$ cat final_34.txt   # compact mmCIF, C-alpha atoms
# COMPACT_ATOMS: atom_id res chain seq x y z
CA MET A 1 26.23 50.58 -33.49
CA ALA A 2 27.90 48.32 -36.05
CA MET A 3 25.98 45.38 -34.63
CA SER A 4 22.63 47.07 -35.30
CA ARG A 5 23.47 47.31 -38.98
CA THR A 6 23.83 43.53 -39.18
CA MET A 7 20.55 42.97 -37.33
CA PRO A 8 17.60 41.89 -39.50
CA ASN A 9 15.40 44.80 -40.57
CA ALA A 10 12.32 43.29 -38.89
CA VAL A 11 14.16 43.32 -35.55
CA ARG A 12 15.30 46.90 -36.11
CA ARG A 13 11.72 47.95 -36.95
CA SER A 14 10.48 46.23 -33.80
CA ARG A 15 13.01 48.05 -31.63
CA LEU A 16 12.22 51.37 -33.30
CA CYS A 17 8.51 50.76 -32.77
CA LYS A 18 9.09 50.31 -29.03
CA LYS A 19 11.05 53.59 -28.89
CA LEU A 20 8.32 55.40 -30.78
CA VAL A 21 5.55 54.00 -28.60
CA LYS A 22 7.39 55.14 -25.49
CA LEU A 23 7.31 58.64 -26.97
CA VAL A 24 3.69 58.74 -28.12
CA ALA A 25 1.97 56.68 -25.40
CA PRO A 26 0.03 58.63 -22.80
CA GLU A 27 2.13 59.55 -19.77
CA GLY A 28 2.50 56.65 -17.34
CA MET A 29 1.36 54.02 -19.83
CA THR A 30 3.78 51.15 -20.46
CA TYR A 31 4.50 49.73 -23.90
CA GLU A 32 2.53 46.60 -23.00
CA GLN A 33 -0.48 48.62 -21.83
CA TYR A 34 -0.35 50.68 -25.02
CA VAL A 35 -0.29 47.55 -27.19
CA ILE A 36 -3.24 46.05 -25.28
CA GLU A 37 -5.22 49.29 -25.55
CA CYS A 38 -4.53 49.58 -29.28
CA THR A 39 -5.31 45.90 -29.90
CA ALA A 40 -8.62 46.34 -28.07
CA ASN A 41 -9.38 49.13 -30.56
CA GLY A 42 -8.38 47.02 -33.58
CA ILE A 43 -4.95 48.57 -34.16
CA GLU A 44 -1.83 46.48 -34.48
CA VAL A 45 1.13 48.30 -32.96
CA SER A 46 3.83 47.53 -35.51
CA LEU A 47 5.73 49.49 -38.12
CA ASP A 48 4.83 46.69 -40.53
CA ASN A 49 1.19 47.76 -40.08
CA GLY A 50 0.70 50.46 -42.69
CA MET A 51 -2.10 52.18 -40.80
CA PHE A 52 -0.03 52.52 -37.61
CA LEU A 53 3.03 53.66 -39.58
CA HIS A 54 0.92 56.29 -41.37
CA TRP A 55 -0.31 57.58 -38.01
CA LEU A 56 3.28 57.86 -36.74
CA LEU A 57 4.47 59.57 -39.92
CA THR A 58 1.77 62.21 -39.56
CA TYR A 59 1.89 62.41 -35.75
CA GLU A 60 1.34 65.96 -34.51
CA GLY A 61 1.47 65.68 -30.73
CA MET A 62 3.61 67.86 -28.48
CA THR A 63 6.23 69.57 -30.63
CA ARG A 64 9.25 68.13 -28.83
CA ILE A 65 7.90 64.59 -29.03
CA ALA A 66 6.68 64.99 -32.62
CA ASN A 67 10.15 66.20 -33.66
CA GLU A 68 11.81 63.22 -31.98
CA VAL A 69 9.37 60.80 -33.66
CA ARG A 70 10.02 62.44 -37.03
CA GLN A 71 13.81 62.31 -36.63
CA LEU A 72 13.68 58.61 -35.76
CA LEU A 73 11.49 57.84 -38.78
CA VAL A 74 13.68 59.80 -41.20
CA LYS A 75 16.79 58.08 -39.83
CA ALA A 76 15.14 54.66 -40.26
CA VAL A 77 14.39 55.46 -43.93
CA GLU A 78 17.96 56.71 -44.44
CA ASP A 79 19.31 53.52 -42.88
CA HIS A 80 17.16 51.39 -45.22
CA TYR A 81 15.18 49.48 -42.61
CA LEU A 82 11.86 51.23 -42.02
CA LEU A 83 10.19 50.01 -45.19
CA ASP A 84 9.73 46.40 -46.24
CA PRO A 85 9.68 46.30 -50.06
CA ASN A 86 7.54 43.13 -49.90
CA ASN A 87 4.86 44.68 -47.66
CA ILE A 88 2.52 46.27 -50.20
CA GLU A 89 0.06 47.56 -47.58
CA GLN A 90 2.86 49.26 -45.61
CA ILE A 91 4.19 50.90 -48.79
CA GLU A 92 0.72 52.13 -49.83
CA TYR A 93 0.08 53.73 -46.44
CA PHE A 94 3.58 55.22 -46.51
CA ARG A 95 2.91 56.71 -49.95
CA ASP A 96 -0.36 58.23 -48.65
CA ALA A 97 1.50 59.71 -45.71
CA MET A 98 4.03 61.31 -48.06
CA VAL A 99 1.15 63.32 -49.57
CA ASP A 100 -0.05 64.32 -46.10
CA LEU A 101 3.46 65.43 -45.15
CA VAL A 102 3.24 68.23 -47.71
CA PHE A 103 0.88 70.02 -45.30
CA MET A 104 3.09 69.49 -42.26
CA ASP A 105 6.36 70.91 -40.94
CA LYS A 106 8.48 71.86 -43.97
CA ASN A 107 11.81 70.74 -42.45
CA TYR A 108 10.39 67.30 -41.69
CA THR A 109 8.79 67.02 -45.12
CA VAL A 110 12.02 67.94 -46.90
CA ALA A 111 14.08 65.56 -44.76
CA MET A 112 11.69 62.66 -45.39
CA TYR A 113 11.47 63.36 -49.11
CA LYS A 114 15.27 63.45 -49.37
CA ALA A 115 15.51 60.19 -47.43
CA VAL A 116 12.96 58.45 -49.65
CA LEU A 117 14.41 59.79 -52.89
CA THR A 118 17.94 58.73 -51.99
CA THR A 119 17.10 55.25 -50.68
CA THR A 120 14.18 53.73 -52.59
CA LYS A 121 15.03 54.15 -56.29
CA THR A 122 16.05 50.53 -56.77
CA THR A 123 14.39 48.86 -53.78
CA ILE A 124 10.86 50.34 -54.02
CA PRO A 125 10.61 51.98 -57.46
CA ASP A 126 6.83 52.58 -57.31
CA LEU A 127 7.19 54.57 -54.09
CA PHE A 128 10.24 56.37 -55.46
CA ASN A 129 8.36 57.42 -58.63
CA ALA A 130 5.31 58.63 -56.71
CA VAL A 131 7.42 60.72 -54.33
CA LYS A 132 9.51 62.01 -57.23
CA LYS A 133 6.35 63.25 -59.00
CA ILE A 134 5.16 65.08 -55.90
CA ASN A 135 8.63 66.54 -55.42
CA LYS A 136 8.79 67.71 -59.05
CA SER A 137 5.39 69.36 -58.86
CA LEU A 138 6.06 71.13 -55.54
CA GLY A 139 9.84 71.66 -55.63
CA LEU A 140 10.35 70.44 -52.08
CA THR A 141 13.92 69.27 -52.59
CA GLU A 142 16.52 69.30 -55.35
CA VAL A 143 17.11 65.54 -54.94
CA GLU A 144 15.98 63.94 -58.24
CA TYR A 145 14.27 67.21 -59.16
CA PHE A 146 16.24 67.77 -62.34
CA ASN A 147 16.34 64.11 -63.40
CA SER A 148 13.70 62.99 -65.87

$ encode --input "final_34.txt" --output "structure tokens"
Amino acid sequence: MAMSRTMPNAVRRSRLCKKLVKLVAPEGMTYEQYVIECTANGIEVSLDNGMFLHWLLTYEGMTRIANEVRQLLVKAVEDHYLLDPNNIEQIEYFRDAMVDLVFMDKNYTVAMYKAVLTTTKTTIPDLFNAVKKINKSLGLTEVEYFNS
């Protein structure tokens, strides 16, 4: 586990993407087949691709699988490697997904909001401020709620 923390974030995102695809791909479809199918439909299978990340963040498939996907994504935010502060498109899609999460499973929404509010204040301040405003208006979590 210690070795994964020294791994570059792009490599960690790539490995996480493969885990996530194995969860969300249709039964019997390999990672490679899934990538080919998505590419044929104009979708890049990568967590650096904001559109694909947004889809994963708001994934509502089978409950067990959706919960596993959500836990992996929250953990990746908590561990500071899911988001690339230099990837504006990824951040914009992520911010849009944070709005959509308000209408999803409350436990997941709260966990993701806590993760974002505790990890992005200095690294991605625009995202942090947007999520903080939503949190203040809806009272989803106490993290940063009472700070101005």

$ closest_residue --input "final_34.txt" --among "A:Lys22, A:Lys106, A:His80, A:Arg95" --to "A:Glu68" --atoms "only C-alpha atoms"
A:Lys22

$ atom_distance --input "final_34.txt" --atom1 "atom CA of A:Ala66" --atom2 "atom CA of A:Thr122"
29.7 Å

$ closest_residue --input "final_34.txt" --among "A:Ala76, A:Asn135, A:Thr58, A:Gly50" --to "A:Phe103" --atoms "only C-alpha atoms"
A:Thr58

$ closest_residue --input "final_34.txt" --among "A:Ala25, A:Val99, A:Lys19, A:Val35" --to "A:Gly61" --atoms "all atoms listed in the file"
A:Ala25

$ closest_residue --input "final_34.txt" --among "A:Asn129, A:Glu27, A:Arg13, A:Phe52" --to "A:Leu117" --atoms "only C-alpha atoms"
A:Asn129

$ build_atoms --input "final_34.txt" --residues "stretch 13-44 of chain A" --atoms "N, CA and C atoms" --output "PDB file, keeping the file's coordinate frame"
ATOM      1  N   ARG A  13      13.026  47.282 -36.947  1.00  0.00           N
ATOM      2  CA  ARG A  13      11.720  47.950 -36.950  1.00  0.00           C
ATOM      3  C   ARG A  13      11.009  47.740 -35.618  1.00  0.00           C
ATOM      4  N   SER A  14      11.117  46.527 -35.079  1.00  0.00           N
ATOM      5  CA  SER A  14      10.480  46.230 -33.800  1.00  0.00           C
ATOM      6  C   SER A  14      11.058  47.094 -32.682  1.00  0.00           C
ATOM      7  N   ARG A  15      12.362  47.216 -32.654  1.00  0.00           N
ATOM      8  CA  ARG A  15      13.010  48.050 -31.630  1.00  0.00           C
ATOM      9  C   ARG A  15      12.646  49.517 -31.791  1.00  0.00           C
ATOM     10  N   LEU A  16      12.612  49.982 -33.036  1.00  0.00           N
ATOM     11  CA  LEU A  16      12.220  51.370 -33.300  1.00  0.00           C
ATOM     12  C   LEU A  16      10.776  51.593 -32.869  1.00  0.00           C
ATOM     13  N   CYS A  17       9.919  50.640 -33.146  1.00  0.00           N
ATOM     14  CA  CYS A  17       8.510  50.760 -32.770  1.00  0.00           C
ATOM     15  C   CYS A  17       8.383  50.943 -31.255  1.00  0.00           C
ATOM     16  N   LYS A  18       9.140  50.185 -30.492  1.00  0.00           N
ATOM     17  CA  LYS A  18       9.090  50.310 -29.030  1.00  0.00           C
ATOM     18  C   LYS A  18       9.540  51.698 -28.582  1.00  0.00           C
ATOM     19  N   LYS A  19      10.589  52.231 -29.220  1.00  0.00           N
ATOM     20  CA  LYS A  19      11.050  53.590 -28.890  1.00  0.00           C
ATOM     21  C   LYS A  19       9.964  54.615 -29.202  1.00  0.00           C
ATOM     22  N   LEU A  20       9.344  54.447 -30.361  1.00  0.00           N
ATOM     23  CA  LEU A  20       8.320  55.400 -30.780  1.00  0.00           C
ATOM     24  C   LEU A  20       7.098  55.348 -29.870  1.00  0.00           C
ATOM     25  N   VAL A  21       6.701  54.135 -29.491  1.00  0.00           N
ATOM     26  CA  VAL A  21       5.550  54.000 -28.600  1.00  0.00           C
ATOM     27  C   VAL A  21       5.830  54.652 -27.258  1.00  0.00           C
ATOM     28  N   LYS A  22       7.056  54.499 -26.755  1.00  0.00           N
ATOM     29  CA  LYS A  22       7.390  55.140 -25.490  1.00  0.00           C
ATOM     30  C   LYS A  22       7.236  56.659 -25.588  1.00  0.00           C
ATOM     31  N   LEU A  23       7.452  57.198 -26.768  1.00  0.00           N
ATOM     32  CA  LEU A  23       7.310  58.640 -26.970  1.00  0.00           C
ATOM     33  C   LEU A  23       5.850  59.070 -27.088  1.00  0.00           C
ATOM     34  N   VAL A  24       5.050  58.295 -27.803  1.00  0.00           N
ATOM     35  CA  VAL A  24       3.690  58.740 -28.120  1.00  0.00           C
ATOM     36  C   VAL A  24       2.618  58.220 -27.156  1.00  0.00           C
ATOM     37  N   ALA A  25       2.950  57.224 -26.354  1.00  0.00           N
ATOM     38  CA  ALA A  25       1.970  56.680 -25.400  1.00  0.00           C
ATOM     39  C   ALA A  25       1.623  57.732 -24.353  1.00  0.00           C
ATOM     40  N   PRO A  26       0.392  57.697 -23.876  1.00  0.00           N
ATOM     41  CA  PRO A  26       0.030  58.630 -22.800  1.00  0.00           C
ATOM     42  C   PRO A  26       0.966  58.458 -21.595  1.00  0.00           C
ATOM     43  N   GLU A  27       1.220  59.555 -20.907  1.00  0.00           N
ATOM     44  CA  GLU A  27       2.130  59.550 -19.770  1.00  0.00           C
ATOM     45  C   GLU A  27       1.733  58.467 -18.763  1.00  0.00           C
ATOM     46  N   GLY A  28       2.716  57.699 -18.336  1.00  0.00           N
ATOM     47  CA  GLY A  28       2.500  56.650 -17.340  1.00  0.00           C
ATOM     48  C   GLY A  28       2.070  55.317 -17.922  1.00  0.00           C
ATOM     49  N   MET A  29       1.792  55.265 -19.220  1.00  0.00           N
ATOM     50  CA  MET A  29       1.360  54.020 -19.830  1.00  0.00           C
ATOM     51  C   MET A  29       2.576  53.261 -20.341  1.00  0.00           C
ATOM     52  N   THR A  30       2.667  51.976 -19.999  1.00  0.00           N
ATOM     53  CA  THR A  30       3.780  51.150 -20.460  1.00  0.00           C
ATOM     54  C   THR A  30       3.552  50.735 -21.915  1.00  0.00           C
ATOM     55  N   TYR A  31       4.599  50.232 -22.541  1.00  0.00           N
ATOM     56  CA  TYR A  31       4.500  49.730 -23.900  1.00  0.00           C
ATOM     57  C   TYR A  31       3.439  48.632 -23.978  1.00  0.00           C
ATOM     58  N   GLU A  32       3.481  47.716 -23.016  1.00  0.00           N
ATOM     59  CA  GLU A  32       2.530  46.600 -23.000  1.00  0.00           C
ATOM     60  C   GLU A  32       1.093  47.093 -22.869  1.00  0.00           C
ATOM     61  N   GLN A  33       0.868  48.058 -21.994  1.00  0.00           N
ATOM     62  CA  GLN A  33      -0.480  48.620 -21.830  1.00  0.00           C
ATOM     63  C   GLN A  33      -0.942  49.295 -23.119  1.00  0.00           C
ATOM     64  N   TYR A  34      -0.029  49.991 -23.774  1.00  0.00           N
ATOM     65  CA  TYR A  34      -0.350  50.680 -25.020  1.00  0.00           C
ATOM     66  C   TYR A  34      -0.751  49.670 -26.093  1.00  0.00           C
ATOM     67  N   VAL A  35       0.007  48.593 -26.197  1.00  0.00           N
ATOM     68  CA  VAL A  35      -0.290  47.550 -27.190  1.00  0.00           C
ATOM     69  C   VAL A  35      -1.664  46.934 -26.910  1.00  0.00           C
ATOM     70  N   ILE A  36      -1.941  46.636 -25.652  1.00  0.00           N
ATOM     71  CA  ILE A  36      -3.240  46.050 -25.280  1.00  0.00           C
ATOM     72  C   ILE A  36      -4.372  47.012 -25.625  1.00  0.00           C
ATOM     73  N   GLU A  37      -4.192  48.278 -25.276  1.00  0.00           N
ATOM     74  CA  GLU A  37      -5.220  49.290 -25.550  1.00  0.00           C
ATOM     75  C   GLU A  37      -5.463  49.424 -27.059  1.00  0.00           C
ATOM     76  N   CYS A  38      -4.394  49.462 -27.825  1.00  0.00           N
ATOM     77  CA  CYS A  38      -4.530  49.580 -29.280  1.00  0.00           C
ATOM     78  C   CYS A  38      -5.186  48.324 -29.865  1.00  0.00           C
ATOM     79  N   THR A  39      -4.750  47.160 -29.409  1.00  0.00           N
ATOM     80  CA  THR A  39      -5.310  45.900 -29.900  1.00  0.00           C
ATOM     81  C   THR A  39      -6.810  45.845 -29.608  1.00  0.00           C
ATOM     82  N   ALA A  40      -7.205  46.307 -28.439  1.00  0.00           N
ATOM     83  CA  ALA A  40      -8.620  46.340 -28.070  1.00  0.00           C
ATOM     84  C   ALA A  40      -9.420  47.244 -29.012  1.00  0.00           C
ATOM     85  N   ASN A  41      -8.736  48.212 -29.615  1.00  0.00           N
ATOM     86  CA  ASN A  41      -9.380  49.130 -30.560  1.00  0.00           C
ATOM     87  C   ASN A  41      -9.118  48.740 -32.019  1.00  0.00           C
ATOM     88  N   GLY A  42      -8.579  47.534 -32.228  1.00  0.00           N
ATOM     89  CA  GLY A  42      -8.380  47.020 -33.580  1.00  0.00           C
ATOM     90  C   GLY A  42      -7.146  47.533 -34.292  1.00  0.00           C
ATOM     91  N   ILE A  43      -6.173  48.034 -33.547  1.00  0.00           N
ATOM     92  CA  ILE A  43      -4.950  48.570 -34.160  1.00  0.00           C
ATOM     93  C   ILE A  43      -3.761  47.720 -33.757  1.00  0.00           C
ATOM     94  N   GLU A  44      -3.041  47.244 -34.742  1.00  0.00           N
ATOM     95  CA  GLU A  44      -1.830  46.480 -34.480  1.00  0.00           C
ATOM     96  C   GLU A  44      -0.661  47.451 -34.354  1.00  0.00           C
TER      97      GLU A  44
END
